[in-house]
file upload32.cif (mmCIF, C-alpha atoms)
data_input
loop_
_atom_site.group_PDB
_atom_site.id
_atom_site.type_symbol
_atom_site.label_atom_id
_atom_site.label_comp_id
_atom_site.auth_asym_id
_atom_site.auth_seq_id
_atom_site.Cartn_x
_atom_site.Cartn_y
_atom_site.Cartn_z
ATOM 1 C CA MET A 1316 341.333 100.774 95.156
ATOM 2 C CA THR A 1317 338.908 97.920 95.704
ATOM 3 C CA SER A 1318 340.232 94.447 95.005
ATOM 4 C CA PRO A 1319 340.552 94.217 91.210
ATOM 5 C CA GLU A 1320 339.001 91.415 89.229
ATOM 6 C CA LYS A 1321 341.574 88.693 88.573
ATOM 7 C CA ILE A 1322 341.697 86.763 85.291
ATOM 8 C CA ILE A 1323 344.152 83.950 84.516
ATOM 9 C CA ARG A 1324 344.875 82.925 80.948
ATOM 10 C CA ASN A 1325 347.756 81.199 79.136
ATOM 11 C CA GLY A 1326 350.475 82.087 81.624
ATOM 12 C CA PHE A 1327 349.154 85.614 82.214
ATOM 13 C CA THR A 1328 347.373 86.951 85.272
ATOM 14 C CA ILE A 1329 345.343 90.075 84.543
ATOM 15 C CA TYR A 1330 344.096 92.408 87.266
ATOM 16 C CA VAL A 1331 341.287 94.597 85.938
ATOM 17 C CA CYS A 1332 341.411 98.051 87.560
ATOM 18 C CA ASP A 1333 339.135 100.005 85.267
ATOM 19 C CA ARG A 1334 337.346 99.747 81.962
ATOM 20 C CA PRO A 1335 335.416 97.109 80.095
ATOM 21 C CA GLU A 1336 337.878 96.550 77.243
ATOM 22 C CA ASP A 1337 338.447 92.861 76.654
ATOM 23 C CA PRO A 1338 341.597 92.071 78.689
ATOM 24 C CA HIS A 1339 342.407 89.211 76.331
ATOM 25 C CA ALA A 1340 342.519 91.633 73.401
ATOM 26 C CA VAL A 1341 344.895 93.786 75.447
ATOM 27 C CA ILE A 1342 347.235 90.812 75.900
ATOM 28 C CA GLU A 1343 347.258 90.200 72.160
ATOM 29 C CA GLN A 1344 348.195 93.826 71.512
ATOM 30 C CA MET A 1345 351.050 93.932 74.013
ATOM 31 C CA SER A 1346 353.623 92.679 71.494
ATOM 32 C CA ARG A 1347 352.349 94.725 68.555
ATOM 33 C CA GLY A 1348 351.935 98.329 69.614
ATOM 34 C CA GLU A 1349 354.228 101.193 68.696
ATOM 35 C CA ILE A 1350 357.054 101.775 71.194
ATOM 36 C CA ILE A 1351 357.869 105.298 72.366
ATOM 37 C CA ARG A 1352 361.421 104.755 73.526
ATOM 38 C CA ASP A 1353 362.230 108.005 75.329
ATOM 39 C CA LYS A 1354 359.720 107.322 78.108
ATOM 40 C CA GLY A 1355 361.196 105.659 81.179
ATOM 41 C CA ARG A 1356 363.263 102.490 81.153
ATOM 42 C CA GLY A 1357 362.576 100.650 77.919
ATOM 43 C CA GLY A 1358 359.933 103.125 76.765
ATOM 44 C CA ILE A 1359 356.185 102.576 76.625
ATOM 45 C CA ARG A 1360 354.140 100.617 74.131
ATOM 46 C CA VAL A 1361 350.978 102.211 72.744
ATOM 47 C CA LEU A 1362 348.083 99.752 72.444
ATOM 48 C CA SER A 1363 344.893 100.211 70.483
ATOM 49 C CA VAL A 1364 341.912 98.093 71.514
ATOM 50 C CA ASP A 1365 338.399 98.716 70.191
ATOM 51 C CA GLY A 1366 339.405 102.202 69.118
ATOM 52 C CA ARG A 1367 340.788 103.149 72.526
ATOM 53 C CA LYS A 1368 344.466 103.912 73.037
ATOM 54 C CA MET A 1369 346.300 102.705 76.112
ATOM 55 C CA ALA A 1370 349.895 102.907 77.314
ATOM 56 C CA CYS A 1371 351.735 99.772 78.421
ATOM 57 C CA ARG A 1372 354.752 100.214 80.692
ATOM 58 C CA GLN A 1373 356.940 97.285 81.715
ATOM 59 C CA TYR A 1374 358.644 97.263 85.102
ATOM 60 C CA ILE A 1375 362.424 96.969 85.008
ATOM 61 C CA HIS A 1376 364.778 97.059 87.960
ATOM 62 C CA GLY A 1377 367.068 100.044 88.351
ATOM 63 C CA GLY A 1378 370.487 100.454 89.905
ATOM 64 C CA LEU A 1379 373.187 97.812 90.099
ATOM 65 C CA PHE A 1380 370.731 94.931 90.361
ATOM 66 C CA ARG A 1381 369.304 95.717 86.946
ATOM 67 C CA VAL A 1382 372.126 93.796 85.271
ATOM 68 C CA ILE A 1383 371.246 90.704 87.296
ATOM 69 C CA THR A 1384 367.486 90.871 87.735
ATOM 70 C CA GLY A 1385 366.479 92.850 84.653
ATOM 71 C CA ASP A 1386 362.710 92.635 84.262
ATOM 72 C CA ARG A 1387 362.095 89.686 86.613
ATOM 73 C CA PHE A 1388 360.233 90.045 89.912
ATOM 74 C CA CYS A 1389 359.236 87.661 92.677
ATOM 75 C CA SER A 1390 355.681 88.993 92.994
ATOM 76 C CA GLU A 1391 353.229 91.439 91.434
ATOM 77 C CA LYS A 1392 353.152 93.666 94.523
ATOM 78 C CA ARG A 1393 355.112 96.543 92.974
ATOM 79 C CA ALA A 1394 352.692 96.942 90.068
ATOM 80 C CA LEU A 1395 349.576 96.491 92.195
ATOM 81 C CA ASP A 1396 350.858 99.056 94.693
ATOM 82 C CA GLU A 1397 351.330 101.658 91.967
ATOM 83 C CA ALA A 1398 347.917 100.931 90.476
ATOM 84 C CA GLY A 1399 346.414 101.397 93.926
ATOM 85 C CA ILE A 1400 348.138 104.774 94.385
ATOM 86 C CA LEU A 1401 346.963 105.962 90.956
ATOM 87 C CA CYS A 1402 343.373 104.941 91.707
ATOM 88 C CA TYR A 1403 343.493 106.660 95.085
ATOM 89 C CA LEU A 1404 344.803 109.899 93.593
ATOM 90 C CA ALA A 1405 342.290 109.848 90.740
ATOM 91 C CA GLU A 1406 339.439 109.296 93.193
ATOM 92 C CA ASN A 1407 340.640 112.391 95.062
ATOM 93 C CA SER A 1408 340.718 114.516 91.897
ATOM 94 C CA PHE A 1409 344.499 114.628 91.640
ATOM 95 C CA PRO A 1410 345.520 114.731 87.947
ATOM 96 C CA VAL A 1411 346.948 111.290 87.139
ATOM 97 C CA VAL A 1412 346.494 108.709 84.407
ATOM 98 C CA ARG A 1413 343.944 106.062 85.302
ATOM 99 C CA PRO A 1414 345.199 102.471 85.441
ATOM 100 C CA CYS A 1415 343.289 99.960 83.349
ATOM 101 C CA PHE A 1416 345.082 96.651 83.958
ATOM 102 C CA VAL A 1417 348.023 95.134 85.744
ATOM 103 C CA VAL A 1418 349.393 92.228 83.701
ATOM 104 C CA VAL A 1419 351.644 89.568 85.210
ATOM 105 C CA GLU A 1420 353.471 87.129 82.940
ATOM 106 C CA LYS A 1421 354.790 83.998 84.626
ATOM 107 C CA LYS A 1422 358.390 83.160 83.739
ATOM 108 C CA GLY A 1423 359.478 80.081 85.645
ATOM 109 C CA LEU A 1424 359.829 81.077 89.288
ATOM 110 C CA THR A 1425 359.754 84.790 88.440
ATOM 111 C CA LYS A 1426 357.325 87.221 86.884
ATOM 112 C CA ARG A 1427 357.334 90.066 84.369
ATOM 113 C CA LEU A 1428 355.101 92.981 85.307
ATOM 114 C CA PHE A 1429 353.194 95.463 83.142
ATOM 115 C CA LEU A 1430 350.977 98.414 83.992
ATOM 116 C CA ILE A 1431 348.448 99.457 81.360
ATOM 117 C CA THR A 1432 346.919 102.906 81.699
ATOM 118 C CA GLU A 1433 344.840 105.256 79.627
ATOM 119 C CA PHE A 1434 346.854 107.002 76.886
ATOM 120 C CA VAL A 1435 346.744 110.785 77.189
ATOM 121 C CA GLN A 1436 346.303 112.437 73.816
ATOM 122 C CA ASP A 1437 346.763 116.093 72.910
ATOM 123 C CA ALA A 1438 349.538 116.458 75.488
ATOM 124 C CA SER A 1439 353.261 117.127 75.506
ATOM 125 C CA ASP A 1440 356.010 116.689 78.019
ATOM 126 C CA LEU A 1441 356.118 119.504 80.521
ATOM 127 C CA LEU A 1442 359.743 120.008 79.565
ATOM 128 C CA ASP A 1443 358.763 120.745 75.964
ATOM 129 C CA ALA A 1444 356.059 123.147 77.144
ATOM 130 C CA TRP A 1445 358.613 124.916 79.336
ATOM 131 C CA ARG A 1446 360.994 125.397 76.441
ATOM 132 C CA MET A 1447 358.274 127.142 74.447
ATOM 133 C CA THR A 1448 357.206 129.516 77.236
ATOM 134 C CA SER A 1449 358.773 132.531 78.866
ATOM 135 C CA GLY A 1450 357.998 135.384 81.211
ATOM 136 C CA ILE A 1451 354.721 135.343 83.105
ATOM 137 C CA LYS A 1452 353.648 132.035 81.528
ATOM 138 C CA ARG A 1453 356.556 130.283 83.210
ATOM 139 C CA PHE A 1454 355.591 131.705 86.595
ATOM 140 C CA ARG A 1455 352.043 130.447 86.108
ATOM 141 C CA ILE A 1456 353.350 126.956 85.421
ATOM 142 C CA ILE A 1457 355.576 127.106 88.503
ATOM 143 C CA LYS A 1458 352.761 128.310 90.728
ATOM 144 C CA ARG A 1459 350.459 125.493 89.643
ATOM 145 C CA LEU A 1460 353.189 122.881 90.069
ATOM 146 C CA ALA A 1461 353.886 124.045 93.599
ATOM 147 C CA GLY A 1462 350.192 123.777 94.359
ATOM 148 C CA LEU A 1463 350.050 120.221 93.048
ATOM 149 C CA PHE A 1464 353.008 119.153 95.156
ATOM 150 C CA ARG A 1465 351.298 120.614 98.193
ATOM 151 C CA ARG A 1466 348.119 118.682 97.309
ATOM 152 C CA LEU A 1467 350.132 115.498 96.988
ATOM 153 C CA GLU A 1468 351.526 116.108 100.453
ATOM 154 C CA MET A 1469 348.055 116.721 101.888
ATOM 155 C CA LEU A 1470 346.725 113.532 100.302
ATOM 156 C CA GLY A 1471 349.441 111.605 102.121
ATOM 157 C CA VAL A 1472 351.381 110.297 99.119
ATOM 158 C CA TYR A 1473 355.165 110.225 99.325
ATOM 159 C CA HIS A 1474 357.043 109.680 96.080
ATOM 160 C CA PRO A 1475 360.814 109.385 96.599
ATOM 161 C CA ASP A 1476 361.589 109.261 92.876
ATOM 162 C CA LEU A 1477 359.232 111.729 91.209
ATOM 163 C CA HIS A 1478 360.651 113.307 88.061
ATOM 164 C CA ILE A 1479 359.489 116.134 85.867
ATOM 165 C CA ASN A 1480 359.710 113.957 82.790
ATOM 166 C CA ASN A 1481 356.739 112.026 84.201
ATOM 167 C CA ILE A 1482 354.387 115.012 83.963
ATOM 168 C CA LEU A 1483 352.359 115.919 80.892
ATOM 169 C CA PHE A 1484 350.985 119.302 79.898
ATOM 170 C CA THR A 1485 347.755 119.091 77.884
ATOM 171 C CA GLY A 1486 346.430 121.310 75.148
ATOM 172 C CA GLN A 1487 343.913 122.612 77.688
ATOM 173 C CA GLY A 1488 346.710 123.732 79.991
ATOM 174 C CA GLU A 1489 346.274 120.926 82.532
ATOM 175 C CA PHE A 1490 348.944 118.780 84.208
ATOM 176 C CA ILE A 1491 348.802 114.990 84.311
ATOM 177 C CA PHE A 1492 351.192 112.919 86.427
ATOM 178 C CA LEU A 1493 352.151 109.551 84.927
ATOM 179 C CA ASP A 1494 354.411 107.485 87.159
ATOM 180 C CA PHE A 1495 354.008 106.614 90.850
ATOM 181 C CA ASP A 1496 356.240 103.556 90.953
ATOM 182 C CA ARG A 1497 357.630 103.136 94.499
ATOM 183 C CA ALA A 1498 355.329 105.835 95.880
ATOM 184 C CA ARG A 1499 353.420 105.048 99.056
ATOM 185 C CA LYS A 1500 350.668 106.411 101.267
ATOM 186 C CA LYS A 1501 351.842 107.758 104.611
ATOM 187 C CA ALA A 1502 351.702 110.794 106.850
ATOM 188 C CA VAL A 1503 354.008 112.964 104.748
ATOM 189 C CA THR A 1504 356.386 115.046 106.848
ATOM 190 C CA THR A 1505 358.447 118.107 106.041
ATOM 191 C CA ASP A 1506 361.492 115.847 106.062
ATOM 192 C CA ASP A 1507 359.820 113.735 103.370
ATOM 193 C CA MET A 1508 359.245 116.822 101.242
ATOM 194 C CA GLU A 1509 362.873 117.839 101.664
ATOM 195 C CA LYS A 1510 363.953 114.401 100.470
ATOM 196 C CA MET A 1511 361.730 114.739 97.419
ATOM 197 C CA PHE A 1512 363.177 118.169 96.727
ATOM 198 C CA ARG A 1513 366.772 116.959 97.065
ATOM 199 C CA ARG A 1514 366.026 114.139 94.641
ATOM 200 C CA LEU A 1515 364.590 116.653 92.224
ATOM 201 C CA ASP A 1516 367.673 118.765 92.754
ATOM 202 C CA ARG A 1517 369.997 115.993 91.641
ATOM 203 C CA TYR A 1518 367.803 115.322 88.656
ATOM 204 C CA MET A 1519 367.710 118.978 87.695
ATOM 205 C CA GLU A 1520 371.448 119.425 88.008
ATOM 206 C CA LYS A 1521 372.027 116.519 85.660
ATOM 207 C CA GLN A 1522 369.745 118.014 83.033
ATOM 208 C CA LYS A 1523 371.182 121.461 83.469
ATOM 209 C CA ARG A 1524 374.666 120.160 82.718
ATOM 210 C CA ARG A 1525 373.289 118.681 79.525
ATOM 211 C CA GLY A 1526 371.956 122.058 78.473
ATOM 212 C CA ASP A 1527 368.391 120.779 78.143
ATOM 213 C CA ILE A 1528 366.727 123.800 79.767
ATOM 214 C CA THR A 1529 367.102 127.424 80.653
ATOM 215 C CA ILE A 1530 365.859 128.653 84.011
ATOM 216 C CA ASN A 1531 366.771 131.630 86.125
ATOM 217 C CA MET A 1532 367.112 132.026 89.859
ATOM 218 C CA ARG A 1533 363.939 134.067 90.228
ATOM 219 C CA GLU A 1534 361.931 131.175 88.807
ATOM 220 C CA LYS A 1535 363.542 128.690 91.147
ATOM 221 C CA ILE A 1536 363.010 130.800 94.250
ATOM 222 C CA PHE A 1537 359.432 131.513 93.235
ATOM 223 C CA PHE A 1538 358.573 127.822 93.295
ATOM 224 C CA LEU A 1539 359.856 127.421 96.848
ATOM 225 C CA ARG A 1540 358.118 130.566 98.033
ATOM 226 C CA VAL A 1541 354.776 129.407 96.633
ATOM 227 C CA TYR A 1542 355.173 126.030 98.324
ATOM 228 C CA GLN A 1543 356.217 127.747 101.551
ATOM 229 C CA LYS A 1544 353.140 129.972 101.512
ATOM 230 C CA LEU A 1545 350.807 127.035 100.898
ATOM 231 C CA SER A 1546 352.369 124.718 103.460
ATOM 232 C CA GLY A 1547 353.270 127.195 106.190
ATOM 233 C CA CYS A 1548 356.681 125.539 106.377
ATOM 234 C CA ASP A 1549 359.806 127.684 106.163
ATOM 235 C CA ILE A 1550 361.223 125.465 103.447
ATOM 236 C CA LEU A 1551 363.729 128.114 102.370
ATOM 237 C CA SER A 1552 365.419 128.122 105.779
ATOM 238 C CA ARG A 1553 365.238 124.339 106.086
ATOM 239 C CA MET A 1554 366.871 123.843 102.718
ATOM 240 C CA GLU A 1555 369.533 126.392 103.537
ATOM 241 C CA ARG A 1556 370.559 124.367 106.589
ATOM 242 C CA GLN A 1557 371.132 121.376 104.307
ATOM 243 C CA VAL A 1558 373.766 123.152 102.260
ATOM 244 C CA LYS A 1559 377.248 121.773 102.713
ATOM 245 C CA THR A 1560 379.349 122.493 99.682
ATOM 246 C CA ARG A 1561 377.013 124.623 97.586
ATOM 247 C CA THR A 1562 375.465 128.011 98.151
ATOM 248 C CA PHE A 1563 371.837 128.177 99.110
ATOM 249 C CA LEU A 1564 370.796 129.726 95.815
ATOM 250 C CA ASN A 1565 372.429 126.984 93.813
ATOM 251 C CA ARG A 1566 370.823 124.380 96.024
ATOM 252 C CA ILE A 1567 367.260 125.562 95.573
ATOM 253 C CA GLY A 1568 367.857 125.732 91.890
ATOM 254 C CA TRP A 1569 367.258 122.042 91.956
ATOM 255 C CA PHE A 1570 363.564 122.054 92.372
ATOM 256 C CA VAL A 1571 362.027 123.729 89.432
ATOM 257 C CA GLU A 1572 364.865 122.552 87.276
ATOM 258 C CA SER A 1573 364.357 118.982 88.092
ATOM 259 C CA PHE A 1574 360.871 119.814 87.096
ATOM 260 C CA LEU A 1575 361.766 121.525 83.994
ATOM 261 C CA TYR A 1576 364.283 119.117 82.877
ATOM 262 C CA GLY A 1577 362.437 115.968 83.569
ATOM 263 C CA GLY A 1578 359.110 116.951 84.917
ATOM 264 C CA ASP A 1579 358.386 119.229 82.119
ATOM 265 C CA ARG A 1580 358.036 116.078 80.407
#

call {"tool": "encode", "arguments": {"input": "upload32.cif", "output": "structure tokens"}}
result
Amino acid sequence: MTSPEKIIRNGFTIYVCDRPEDPHAVIEQMSRGEIIRDKGRGGIRVLSVDGRKMACRQYIHGGLFRVITGDRFCSEKRALDEAGILCYLAENSFPVVRPCFVVVEKKGLTKRLFLITEFVQDASDLLDAWRMTSGIKRFRIIKRLAGLFRRLEMLGVYHPDLHINNILFTGQGEFIFLDFDRARKKAVTTDDMEKMFRRLDRYMEKQKRRGDITINMREKIFFLRVYQKLSGCDILSRMERQVKTRTFLNRIGWFVESFLYGGDR
């Protein structure tokens, strides 16, 4: 991403990534739009400016520090980094939402951060799409997902916290990835992919316990085999060596499930 235009107004710093909408009108809408609460921490706010819909996501700390730091940050780096990753992926034809603005609100010595992207219409969470499909349609979804993860690897983007609930499935049958917070560009290694898969595993297991999805072992293994064929890496054997207290088959269950539970969203 080239250096974005920087606008300062009334305690707000606006970085313009894409689009000619009036950034001041966007600021005015930030406290008025409808909130969709089941999307990420705190939900997203839907803005409407000059007939165009946009999604506004506020950054909030996770983990134990969330109680202390909440939505306050020392700099805007986290939001600008994500915007840069999204622009890079979009420029390389990877299906992501395009960032429009990064908004920084000064609060004393700290800052509140917001990322405003295009709003994807005529799309549902991948999880919802998964629930409504079965048989060969599920295998088609799995095959395409595996291909997209391989493309992400080849583009050199490592995302240690990628969830299925941050993927949309459009009415045209396309995937769109929404959230690349904490992702970074690097030479992605097989170890990195294993870490991503283990993270997805934990996420999937949590959703499975909640009864949010149904998925069988054939579907789970199929995902790994597709990825293995595309990458040339014996991921099945590598993952098997990681097993300590679970069987291999249970372990690989993680991947598509973390998809289907969260990523299907």

call {"tool": "residues_around", "arguments": {"input": "upload32.cif", "residues": "A:Ile1457", "least_positions_apart": "3", "cutoff": "8 Å", "atoms": "all atoms listed in the file", "output": "PDB file with C-alpha atoms, in the coordinates of the input"}}
result
ATOM      1  CA  ARG A1453     356.556 130.283  83.210  1.00  0.00           C
ATOM      2  CA  PHE A1454     355.591 131.705  86.595  1.00  0.00           C
ATOM      3  CA  LEU A1460     353.189 122.881  90.069  1.00  0.00           C
ATOM      4  CA  ALA A1461     353.886 124.045  93.599  1.00  0.00           C
ATOM      5  CA  GLU A1534     361.931 131.175  88.807  1.00  0.00           C
ATOM      6  CA  PHE A1537     359.432 131.513  93.235  1.00  0.00           C
ATOM      7  CA  PHE A1538     358.573 127.822  93.295  1.00  0.00           C
ATOM      8  CA  VAL A1571     362.027 123.729  89.432  1.00  0.00           C
TER       9      VAL A1571
END

call {"tool": "resolve_selection", "arguments": {"input": "upload32.cif", "expression": "the PyMOL selection byres ((chain A and resi 1424-1438) around 8)", "output": "PyMOL selection string"}}
result
chain A and resi 1361+1368-1374+1386-1391+1394+1398+1412-1423+1439-1440+1483-1486

call {"tool": "resolve_selection", "arguments": {"input": "upload32.cif", "expression": "the PyMOL selection byres ((chain A and resi 1496) around 8)", "output": "PyMOL selection string"}}
result
chain A and resi 1393-1394+1396-1397+1494-1495+1497-1498

call {"tool": "write_last_selection", "arguments": {"input": "upload32.cif", "atoms": "C-alpha atoms", "output": "compact mmCIF listing (two decimals), in the frame of the given file"}}
result
# COMPACT_ATOMS: atom_id res chain seq x y z
CA ARG A 1393 355.11 96.54 92.97
CA ALA A 1394 352.69 96.94 90.07
CA ASP A 1396 350.86 99.06 94.69
CA GLU A 1397 351.33 101.66 91.97
CA ASP A 1494 354.41 107.48 87.16
CA PHE A 1495 354.01 106.61 90.85
CA ARG A 1497 357.63 103.14 94.50
CA ALA A 1498 355.33 105.84 95.88

call {"tool": "residues_around", "arguments": {"input": "upload32.cif", "residues": "A:Thr1448", "least_positions_apart": "5", "cutoff": "12 Å", "atoms": "all atoms listed in the file", "output": "ChimeraX atom specification"}}
result
/A:1441-1443,1453-1457,1528-1530,1575,1579

call {"tool": "axis_aligned_box", "arguments": {"input": "upload32.cif", "around": "stretch 1324-1336 of chain A", "padding_each_side": "8 Å", "output": "JSON"}}
result
{"center_x": 342.9, "center_y": 90.6, "center_z": 82.4, "size_x": 31.1, "size_y": 34.8, "size_z": 26.3}

call {"tool": "closest_residue", "arguments": {"input": "upload32.cif", "among": "A:Ala1444, A:Leu1539, A:Val1503, A:Ile1451", "to": "A:Pro1475", "atoms": "only C-alpha atoms"}}
result
A:Val1503

call {"tool": "residues_near_point", "arguments": {"input": "upload32.cif", "point": "(340.8, 88.4, 90.7)", "cutoff": "12 Å", "atoms": "all atoms listed in the file", "output": "VMD selection string"}}
result
chain A and resid 1317 to 1324 1328 to 1332 1416 to 1418

call {"tool": "write_last_selection", "arguments": {"input": "upload32.cif", "atoms": "C-alpha atoms", "output": "PDB file, in the coordinates of the input"}}
result
ATOM      1  CA  THR A1317     338.908  97.920  95.704  1.00  0.00           C
ATOM      2  CA  SER A1318     340.232  94.447  95.005  1.00  0.00           C
ATOM      3  CA  PRO A1319     340.552  94.217  91.210  1.00  0.00           C
ATOM      4  CA  GLU A1320     339.001  91.415  89.229  1.00  0.00           C
ATOM      5  CA  LYS A1321     341.574  88.693  88.573  1.00  0.00           C
ATOM      6  CA  ILE A1322     341.697  86.763  85.291  1.00  0.00           C
ATOM      7  CA  ILE A1323     344.152  83.950  84.516  1.00  0.00           C
ATOM      8  CA  ARG A1324     344.875  82.925  80.948  1.00  0.00           C
ATOM      9  CA  THR A1328     347.373  86.951  85.272  1.00  0.00           C
ATOM     10  CA  ILE A1329     345.343  90.075  84.543  1.00  0.00           C
ATOM     11  CA  TYR A1330     344.096  92.408  87.266  1.00  0.00           C
ATOM     12  CA  VAL A1331     341.287  94.597  85.938  1.00  0.00           C
ATOM     13  CA  CYS A1332     341.411  98.051  87.560  1.00  0.00           C
ATOM     14  CA  PHE A1416     345.082  96.651  83.958  1.00  0.00           C
ATOM     15  CA  VAL A1417     348.023  95.134  85.744  1.00  0.00           C
ATOM     16  CA  VAL A1418     349.393  92.228  83.701  1.00  0.00           C
TER      17      VAL A1418
END

call {"tool": "atom_distance", "arguments": {"input": "upload32.cif", "atom1": "atom CA of A:Leu1404", "atom2": "atom CA of A:Leu1470"}}
result
7.9 Å

call {"tool": "atom_distance", "arguments": {"input": "upload32.cif", "atom1": "atom CA of A:Arg1513", "atom2": "atom CA of A:Tyr1473"}}
result
13.6 Å

call {"tool": "atom_distance", "arguments": {"input": "upload32.cif", "atom1": "atom CA of A:Ile1550", "atom2": "atom CA of A:Asp1516"}}
result
14.2 Å

call {"tool": "closest_residue", "arguments": {"input": "upload32.cif", "among": "A:Pro1410, A:Gly1366, A:Gly1399, A:Pro1338", "to": "A:Ile1491", "atoms": "only C-alpha atoms"}}
result
A:Pro1410

call {"tool": "closest_residue", "arguments": {"input": "upload32.cif", "among": "A:Arg1525, A:Tyr1542, A:Glu1489, A:Arg1514", "to": "A:Arg1466", "atoms": "all atoms listed in the file"}}
result
A:Tyr1542
